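*Asks:* What follows is a single structure, and I will ask about it in a moment.
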Number of protein chains: 2
Amino acid sequence: MKFCSECAKPISLLVPEGDNRQRYTCLHCDIIHYQNPRIIAGTLPTYQGQVLLCKRAIEPRKGYWTLPAGFMENGETTEEGALRETLEEANARILNPHLYTMIAVPHISQVHIFFHGELADLNFSSGPESLEVQLFDEADIPWKELAFPTISTTLRRYFTDRQHTNNKDQNTPFPTHVFDIPEKNKLKL
Amino acid sequence: MKFCSECAKPISLLVPEGDNRQRYTCLHCDIIHYQNPRIIAGTLPTYQGQVLLCKRAIEPRKGYWTLPAGFMENGETTEEGALRETLEEANARILNPHLYTMIAVPHISQVHIFFHGELADLNFSSGPESLEVQLFDEADIPWKELAFPTISTTLRRYFTDRQHTNNKDQNTPFPTHVFDIPEKNKLKL
């Protein structure tokens with residue numbers, strides 16, 4: 001940020017009175033331009049034990065596999081954002097979504113939120129940001145070709161949770177898990 | 001947003017190619033200035049059945065009671081943000097925080113996240129953004145003087161969850177709940 005987006009004057013980076021962090025501040029119109037973490041909302045769509053993954057058609061990590069997810073938009077709820085991204089990237093609909101993982105990625109100031117739900121049907125297909133969309137058995141997950149640590153973290157947790165699930169409780173959603181991705185794991189999948 | 005924060009030229013509001021929403025776009029330096037929801041991170045601090053509330057010393061809702069919470073900062077995790085705000089507003093520390101509510105407020109493009117935890121000690125006091133900090137029994141909660149719908153939603157859910165808790169399970173955290181605050185409830189507390 002170099003100029004004030006309200007008055008076009010050069011911006012100053014300083015600690016405002018009563019604050020303890022540097023902020024982009026316009027000394028001309030007295031506005032502080034706060035910068036805050038962004039939310040990535042997505043889903044973990046499953047179908048009779050298989051998991052839906054999308055092969056990314058765009059950078060970053062083009063050609064790698066991801067869960068359908070993207071930046072949450074102004075004016076929507078977290079669930080609406082997650083379901084919208086699932087529809088956009090995989091033309092897929094899921095039933096009874098519930099919050100499954102919330103993963104902070106502080107070194108890039110993001111919070112990734114995934115809702116788990118069973119696919120409503122098998123009528124999924126690649127959206128414009130996906131090269132392929134495919135269901136995977138646990139044994140076939142392309143662990144070395146996953147796009148982001150938040151994807152591998154969510155998938156690993158899911159397979160662990162499922163292992164410990166009593167078959168009689170299949171209608172009870174898994175509990176919500178909170179994780180953080182430390183910077184040293186930036187490229188560790 | 002009126003000017004590009006990178007080049008100071010006037011900004012255009014248009015739907016970029018391949019997108020389906022209007023974005024603040026600089027046609028001079030070809031940058032899209034995305035705007036996304038912000039996260040409010042906070043805690044529900046409890047102590048032997050009582051709940052800690054802070055009376056706001058700042059607008060909006062100055063003089064009304066809130067749970068300690070504030071804007072999550074770049075570079076921190078959700079839990080770090082929640083604990084920092086609890087320390088800043090109430091000089092309070094909580095033990096074993098776990099994610100309790102995630103509440104979308106789409107009409108103001110915010111997501112409020114509260115971690116529940118027991119106070120580590122009774123050495124709490126007002127920070128600069130609080131007029132008072134006080135423990136309340138359920139019967140004494142100032143329901144009509146709560147600052148925001150996300151606060152009343154979290155408190156109501158907590159007292160309901162507690163009612164249904166087996167005393168033997170006191171060490172098991174309550175499950176995480178996801179809510180949305182519709183616009184019509186904007187001022188309904």
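Simple scheme: letters A, B, ... for chains in structure tokens order, numbers from 1 for residues in each chain, numbers from 1 for ligands in the order shown.
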Please, which residues of chain B lie no more than 8 Å from chain A when the count uses only C-alpha atoms, and can they be set out as a short mmCIF file (atom, residue, chain, number, x, y, z; two decimals) with N, CA, C and O atoms, in the first residue's frame?
*Replies:*
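What landed in selection.cif:
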```cif
data_model
loop_
_atom_site.label_atom_id
_atom_site.label_comp_id
_atom_site.auth_asym_id
_atom_site.auth_seq_id
_atom_site.Cartn_x
_atom_site.Cartn_y
_atom_site.Cartn_z
N MET B 1 -13.68 3.00 -1.59
CA MET B 1 -12.40 3.00 -2.32
C MET B 1 -12.52 3.85 -3.57
O MET B 1 -13.35 3.57 -4.43
N LYS B 2 -11.66 4.90 -3.66
CA LYS B 2 -11.75 5.82 -4.80
C LYS B 2 -10.50 5.80 -5.68
O LYS B 2 -10.57 6.07 -6.88
N PHE B 3 -9.35 5.51 -5.04
CA PHE B 3 -8.09 5.55 -5.79
C PHE B 3 -7.30 4.25 -5.56
O PHE B 3 -7.42 3.62 -4.51
N CYS B 4 -6.48 3.90 -6.56
CA CYS B 4 -5.63 2.70 -6.43
C CYS B 4 -4.58 2.95 -5.36
O CYS B 4 -3.87 3.97 -5.41
N SER B 5 -4.45 2.05 -4.41
CA SER B 5 -3.48 2.23 -3.32
C SER B 5 -2.05 1.95 -3.77
O SER B 5 -1.11 2.16 -3.03
N GLU B 6 -1.87 1.50 -5.02
CA GLU B 6 -0.52 1.24 -5.55
C GLU B 6 -0.04 2.37 -6.47
O GLU B 6 1.16 2.67 -6.50
N CYS B 7 -0.97 2.99 -7.23
CA CYS B 7 -0.53 4.00 -8.20
C CYS B 7 -1.26 5.34 -8.08
O CYS B 7 -0.94 6.29 -8.81
N ALA B 8 -2.28 5.41 -7.20
CA ALA B 8 -3.02 6.65 -6.92
C ALA B 8 -3.95 7.10 -8.05
O ALA B 8 -4.58 8.15 -7.95
N LYS B 9 -4.06 6.33 -9.12
CA LYS B 9 -5.01 6.66 -10.19
C LYS B 9 -6.45 6.32 -9.74
O LYS B 9 -6.63 5.43 -8.90
N GLN B 35 -12.04 -7.20 -1.61
CA GLN B 35 -12.46 -6.89 -0.24
C GLN B 35 -13.15 -8.13 0.32
O GLN B 35 -14.01 -8.72 -0.34
N ASN B 36 -12.75 -8.53 1.50
CA ASN B 36 -13.21 -9.79 2.07
C ASN B 36 -13.67 -9.61 3.51
O ASN B 36 -13.30 -8.63 4.16
N PRO B 37 -14.45 -10.57 4.03
CA PRO B 37 -14.94 -10.48 5.42
C PRO B 37 -13.78 -10.45 6.41
O PRO B 37 -12.70 -10.98 6.16
N ARG B 38 -14.05 -9.83 7.55
CA ARG B 38 -13.04 -9.78 8.61
C ARG B 38 -13.47 -10.65 9.79
O ARG B 38 -14.66 -10.86 10.02
N ILE B 39 -12.47 -11.12 10.51
CA ILE B 39 -12.70 -12.02 11.64
C ILE B 39 -12.61 -11.24 12.95
O ILE B 39 -11.64 -10.50 13.17
N PHE B 71 -10.79 -7.41 16.39
CA PHE B 71 -10.34 -7.81 15.06
C PHE B 71 -9.08 -8.68 15.15
O PHE B 71 -8.09 -8.30 15.78
N MET B 72 -9.12 -9.82 14.51
CA MET B 72 -7.94 -10.67 14.37
C MET B 72 -6.91 -9.93 13.54
O MET B 72 -7.25 -9.25 12.57
N GLU B 73 -5.64 -10.04 13.93
CA GLU B 73 -4.56 -9.32 13.23
C GLU B 73 -3.84 -10.25 12.25
O GLU B 73 -3.78 -11.46 12.45
N ASN B 74 -3.25 -9.65 11.21
CA ASN B 74 -2.37 -10.41 10.32
C ASN B 74 -1.25 -11.07 11.13
O ASN B 74 -0.77 -10.50 12.11
N GLY B 75 -0.88 -12.27 10.75
CA GLY B 75 0.28 -12.92 11.37
C GLY B 75 -0.01 -13.70 12.63
O GLY B 75 0.89 -14.28 13.23
N GLU B 76 -1.27 -13.72 13.07
CA GLU B 76 -1.58 -14.51 14.27
C GLU B 76 -2.59 -15.61 13.94
O GLU B 76 -3.23 -15.59 12.89
N THR B 77 -2.71 -16.58 14.86
CA THR B 77 -3.72 -17.63 14.70
C THR B 77 -5.02 -17.14 15.33
O THR B 77 -5.03 -16.15 16.07
N THR B 78 -6.12 -17.85 15.05
CA THR B 78 -7.41 -17.45 15.65
C THR B 78 -7.32 -17.49 17.17
O THR B 78 -7.81 -16.59 17.85
N LEU B 99 -12.53 -23.98 20.54
CA LEU B 99 -13.47 -23.25 19.69
C LEU B 99 -14.90 -23.57 20.10
O LEU B 99 -15.30 -24.74 20.13
N ALA B 104 -21.37 -16.15 11.59
CA ALA B 104 -21.26 -15.23 10.45
C ALA B 104 -22.26 -14.10 10.60
O ALA B 104 -23.40 -14.32 11.02
N VAL B 105 -21.82 -12.89 10.28
CA VAL B 105 -22.70 -11.73 10.29
C VAL B 105 -22.58 -11.11 8.88
O VAL B 105 -21.86 -10.13 8.67
N PRO B 106 -23.28 -11.73 7.90
CA PRO B 106 -23.00 -11.38 6.51
C PRO B 106 -23.30 -9.93 6.14
O PRO B 106 -22.60 -9.38 5.30
N HIS B 107 -24.29 -9.29 6.78
CA HIS B 107 -24.63 -7.92 6.35
C HIS B 107 -23.56 -6.92 6.74
O HIS B 107 -23.55 -5.79 6.23
N ILE B 108 -22.65 -7.30 7.63
CA ILE B 108 -21.49 -6.43 7.90
C ILE B 108 -20.18 -7.13 7.52
O ILE B 108 -19.10 -6.68 7.89
N SER B 109 -20.30 -8.26 6.81
CA SER B 109 -19.13 -9.00 6.33
C SER B 109 -18.12 -9.27 7.44
O SER B 109 -16.93 -8.95 7.34
N VAL B 111 -17.05 -12.39 10.57
CA VAL B 111 -17.23 -13.71 11.17
C VAL B 111 -16.69 -13.60 12.60
O VAL B 111 -15.53 -13.21 12.80
N PRO B 175 -19.35 -29.04 22.36
CA PRO B 175 -19.11 -29.05 20.92
C PRO B 175 -19.12 -27.65 20.33
O PRO B 175 -19.64 -26.71 20.94
N THR B 176 -18.55 -27.51 19.14
CA THR B 176 -18.52 -26.23 18.45
C THR B 176 -19.85 -26.01 17.73
O THR B 176 -20.41 -26.94 17.16
N VAL B 178 -22.09 -23.50 14.95
CA VAL B 178 -22.02 -22.51 13.87
C VAL B 178 -23.38 -21.83 13.75
O VAL B 178 -24.41 -22.50 13.70
N ASP B 180 -25.53 -18.12 12.09
CA ASP B 180 -25.51 -16.92 11.25
C ASP B 180 -26.45 -15.92 11.90
O ASP B 180 -27.48 -16.30 12.45
#
```
*Asks:* Quick one: everything within 10 Å of Lys62 in chain B, counting only C-alpha atoms, minus sequence neighbours fewer than 5 positions away in the same chain. Send it as a VMD selection string.
*Replies:* chain B and resid 55 to 57 129 to 131 147
*Asks:* Please run DSSP on the backbone and report, as a PDB file with C-alpha atoms, in the first residue's frame, all residues within range 28-189 of chain B that come out as strand (DSSP E).
*Replies:*
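Below you can see out_7.pdb, which holds the result:
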```
ATOM      1  CA  ILE B  31      -4.589  -4.776  -9.962  1.00  0.00           C
ATOM      2  CA  ILE B  32      -7.854  -6.013  -8.477  1.00  0.00           C
ATOM      3  CA  HIS B  33      -8.382  -4.760  -4.920  1.00  0.00           C
ATOM      4  CA  ARG B  38     -13.045  -9.776   8.609  1.00  0.00           C
ATOM      5  CA  ILE B  39     -12.704 -12.016  11.638  1.00  0.00           C
ATOM      6  CA  ILE B  40     -13.546 -10.934  15.185  1.00  0.00           C
ATOM      7  CA  ALA B  41     -11.786 -13.296  17.616  1.00  0.00           C
ATOM      8  CA  GLY B  42     -12.684 -13.497  21.291  1.00  0.00           C
ATOM      9  CA  THR B  43     -13.391 -15.708  24.259  1.00  0.00           C
ATOM     10  CA  LEU B  44     -16.150 -16.849  26.573  1.00  0.00           C
ATOM     11  CA  PRO B  45     -14.240 -16.851  29.883  1.00  0.00           C
ATOM     12  CA  THR B  46     -15.996 -18.720  32.686  1.00  0.00           C
ATOM     13  CA  TYR B  47     -15.163 -19.271  36.337  1.00  0.00           C
ATOM     14  CA  GLN B  50     -19.917 -17.482  36.190  1.00  0.00           C
ATOM     15  CA  VAL B  51     -19.234 -15.648  32.907  1.00  0.00           C
ATOM     16  CA  LEU B  52     -16.809 -12.751  32.420  1.00  0.00           C
ATOM     17  CA  LEU B  53     -18.200  -9.716  30.599  1.00  0.00           C
ATOM     18  CA  CYS B  54     -16.617  -6.356  29.721  1.00  0.00           C
ATOM     19  CA  LYS B  55     -18.470  -3.032  29.588  1.00  0.00           C
ATOM     20  CA  ARG B  56     -17.360  -1.300  26.387  1.00  0.00           C
ATOM     21  CA  TRP B  65     -21.593  -5.458  27.825  1.00  0.00           C
ATOM     22  CA  THR B  66     -19.549  -7.738  25.596  1.00  0.00           C
ATOM     23  CA  ALA B  69     -13.118  -9.839  21.426  1.00  0.00           C
ATOM     24  CA  GLY B  70     -11.692  -7.784  18.600  1.00  0.00           C
ATOM     25  CA  PHE B  71     -10.337  -7.815  15.063  1.00  0.00           C
ATOM     26  CA  ILE B  94      -7.963 -18.568  30.180  1.00  0.00           C
ATOM     27  CA  LEU B  95      -6.976 -22.232  30.349  1.00  0.00           C
ATOM     28  CA  ASN B  96      -7.389 -24.823  27.581  1.00  0.00           C
ATOM     29  CA  PRO B  97      -9.345 -22.662  25.158  1.00  0.00           C
ATOM     30  CA  HIS B  98     -11.408 -24.533  22.596  1.00  0.00           C
ATOM     31  CA  LEU B  99     -13.473 -23.251  19.689  1.00  0.00           C
ATOM     32  CA  TYR B 100     -17.046 -22.776  20.887  1.00  0.00           C
ATOM     33  CA  THR B 101     -18.995 -20.624  18.390  1.00  0.00           C
ATOM     34  CA  MET B 102     -18.355 -19.406  14.841  1.00  0.00           C
ATOM     35  CA  ILE B 103     -20.993 -16.875  13.864  1.00  0.00           C
ATOM     36  CA  ALA B 104     -21.255 -15.234  10.451  1.00  0.00           C
ATOM     37  CA  VAL B 105     -22.700 -11.726  10.287  1.00  0.00           C
ATOM     38  CA  GLN B 110     -17.766 -10.281   9.618  1.00  0.00           C
ATOM     39  CA  VAL B 111     -17.225 -13.706  11.174  1.00  0.00           C
ATOM     40  CA  HIS B 112     -17.143 -13.796  14.989  1.00  0.00           C
ATOM     41  CA  ILE B 113     -15.205 -16.656  16.594  1.00  0.00           C
ATOM     42  CA  PHE B 114     -15.357 -17.387  20.340  1.00  0.00           C
ATOM     43  CA  PHE B 115     -13.170 -19.804  22.272  1.00  0.00           C
ATOM     44  CA  HIS B 116     -14.497 -21.091  25.598  1.00  0.00           C
ATOM     45  CA  GLY B 117     -12.165 -21.589  28.536  1.00  0.00           C
ATOM     46  CA  GLU B 118     -12.010 -21.397  32.312  1.00  0.00           C
ATOM     47  CA  LEU B 119     -10.255 -18.332  33.783  1.00  0.00           C
ATOM     48  CA  SER B 130     -13.321  -1.533  28.901  1.00  0.00           C
ATOM     49  CA  LEU B 131     -15.108   0.540  31.558  1.00  0.00           C
ATOM     50  CA  GLU B 132     -15.683  -2.469  33.830  1.00  0.00           C
ATOM     51  CA  VAL B 133     -14.937  -6.178  33.820  1.00  0.00           C
ATOM     52  CA  GLN B 134     -17.140  -8.404  35.937  1.00  0.00           C
ATOM     53  CA  LEU B 135     -18.187 -12.016  36.548  1.00  0.00           C
ATOM     54  CA  PHE B 136     -21.927 -12.689  36.177  1.00  0.00           C
ATOM     55  CA  HIS B 177     -21.611 -24.433  17.131  1.00  0.00           C
ATOM     56  CA  VAL B 178     -22.016 -22.507  13.872  1.00  0.00           C
ATOM     57  CA  PHE B 179     -24.611 -19.739  13.625  1.00  0.00           C
ATOM     58  CA  ASP B 180     -25.509 -16.924  11.252  1.00  0.00           C
TER      59      ASP B 180
END
```
*Asks:* Go through B:Leu67, B:Gln48, B:Ile151, B:Leu14 one by one, measure the shortest atom-to-atom distance of each to Ala82 in chain B using only C-alpha atoms, and give the residue with the smallest value.
*Replies:*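 Using only C-alpha atoms, the shortest distance to Ala82 in chain B belongs to B:Leu67.
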*Asks:* One number please: CA of Arg61 in chain A to CA of Pro142 in chain A, in Å, one decimal.
*Replies:*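 Value for the CA of Arg61 in chain A-CA of Pro142 in chain A distance: 14.0 Å.
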*Asks:* Which of chain B counts as alpha helix (DSSP H) under DSSP, as number ranges by chain please?
*Replies:* B: 78-90, 149-163
*Asks:* Go ahead and compute the interatomic distance for CA of Gly49 in chain B and CA of Phe159 in chain B, in Å to one decimal.
*Replies:*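 About the pair CA of Gly49 in chain B and CA of Phe159 in chain B: they are 9.4 Å apart.
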*Asks:* Could you tell me how far CA of Arg93 in chain B lies from CA of Asn123 in chain B, in Å and to one decimal?
*Replies:* 8.7 Å
*Asks:* Leu13 in chain B: which residues within 8 Å, counting only C-alpha atoms, same-chain residues fewer than 4 positions away excluded, as a PDB file with all heavy atoms, in the first residue's frame?
*Replies:*
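As written to disk, result.pdb reads:
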```pdb
ATOM      1  N   GLN B  22     -18.634  -7.481  -8.968  1.00  0.00           N
ATOM      2  CA  GLN B  22     -17.945  -6.209  -9.148  1.00  0.00           C
ATOM      3  C   GLN B  22     -16.764  -6.126  -8.183  1.00  0.00           C
ATOM      4  O   GLN B  22     -16.887  -6.489  -7.006  1.00  0.00           O
ATOM      5  CB  GLN B  22     -18.903  -5.057  -8.868  1.00  0.00           C
ATOM      6  CG  GLN B  22     -19.941  -4.850  -9.969  1.00  0.00           C
ATOM      7  CD  GLN B  22     -20.615  -3.492  -9.853  1.00  0.00           C
ATOM      8  OE1 GLN B  22     -20.951  -3.062  -8.747  1.00  0.00           O
ATOM      9  NE2 GLN B  22     -20.809  -2.819 -10.967  1.00  0.00           N
ATOM     10  N   ARG B  23     -15.630  -5.648  -8.711  1.00  0.00           N
ATOM     11  CA  ARG B  23     -14.432  -5.489  -7.874  1.00  0.00           C
ATOM     12  C   ARG B  23     -13.849  -4.108  -8.117  1.00  0.00           C
ATOM     13  O   ARG B  23     -13.952  -3.581  -9.237  1.00  0.00           O
ATOM     14  CB  ARG B  23     -13.358  -6.523  -8.256  1.00  0.00           C
ATOM     15  CG  ARG B  23     -13.815  -7.947  -8.369  1.00  0.00           C
ATOM     16  CD  ARG B  23     -14.014  -8.593  -7.023  1.00  0.00           C
ATOM     17  NE  ARG B  23     -14.381 -10.008  -7.177  1.00  0.00           N
ATOM     18  CZ  ARG B  23     -14.719 -10.789  -6.162  1.00  0.00           C
ATOM     19  NH1 ARG B  23     -14.750 -10.318  -4.930  1.00  0.00           N
ATOM     20  NH2 ARG B  23     -15.055 -12.044  -6.368  1.00  0.00           N
ATOM     21  N   TYR B  24     -13.193  -3.575  -7.093  1.00  0.00           N
ATOM     22  CA  TYR B  24     -12.422  -2.349  -7.283  1.00  0.00           C
ATOM     23  C   TYR B  24     -11.171  -2.710  -8.073  1.00  0.00           C
ATOM     24  O   TYR B  24     -10.314  -3.457  -7.595  1.00  0.00           O
ATOM     25  CB  TYR B  24     -12.064  -1.724  -5.933  1.00  0.00           C
ATOM     26  CG  TYR B  24     -13.268  -1.165  -5.209  1.00  0.00           C
ATOM     27  CD1 TYR B  24     -13.791  -1.788  -4.078  1.00  0.00           C
ATOM     28  CD2 TYR B  24     -13.896  -0.015  -5.681  1.00  0.00           C
ATOM     29  CE1 TYR B  24     -14.908  -1.275  -3.422  1.00  0.00           C
ATOM     30  CE2 TYR B  24     -15.014   0.496  -5.033  1.00  0.00           C
ATOM     31  CZ  TYR B  24     -15.512  -0.131  -3.913  1.00  0.00           C
ATOM     32  OH  TYR B  24     -16.619   0.376  -3.281  1.00  0.00           O
ATOM     33  N   THR B  25     -11.082  -2.179  -9.293  1.00  0.00           N
ATOM     34  CA  THR B  25     -10.039  -2.591 -10.219  1.00  0.00           C
ATOM     35  C   THR B  25      -9.284  -1.365 -10.711  1.00  0.00           C
ATOM     36  O   THR B  25      -9.893  -0.345 -11.042  1.00  0.00           O
ATOM     37  CB  THR B  25     -10.683  -3.306 -11.437  1.00  0.00           C
ATOM     38  OG1 THR B  25     -11.509  -4.375 -10.954  1.00  0.00           O
ATOM     39  CG2 THR B  25      -9.628  -3.867 -12.374  1.00  0.00           C
TER      40      THR B  25
END
```
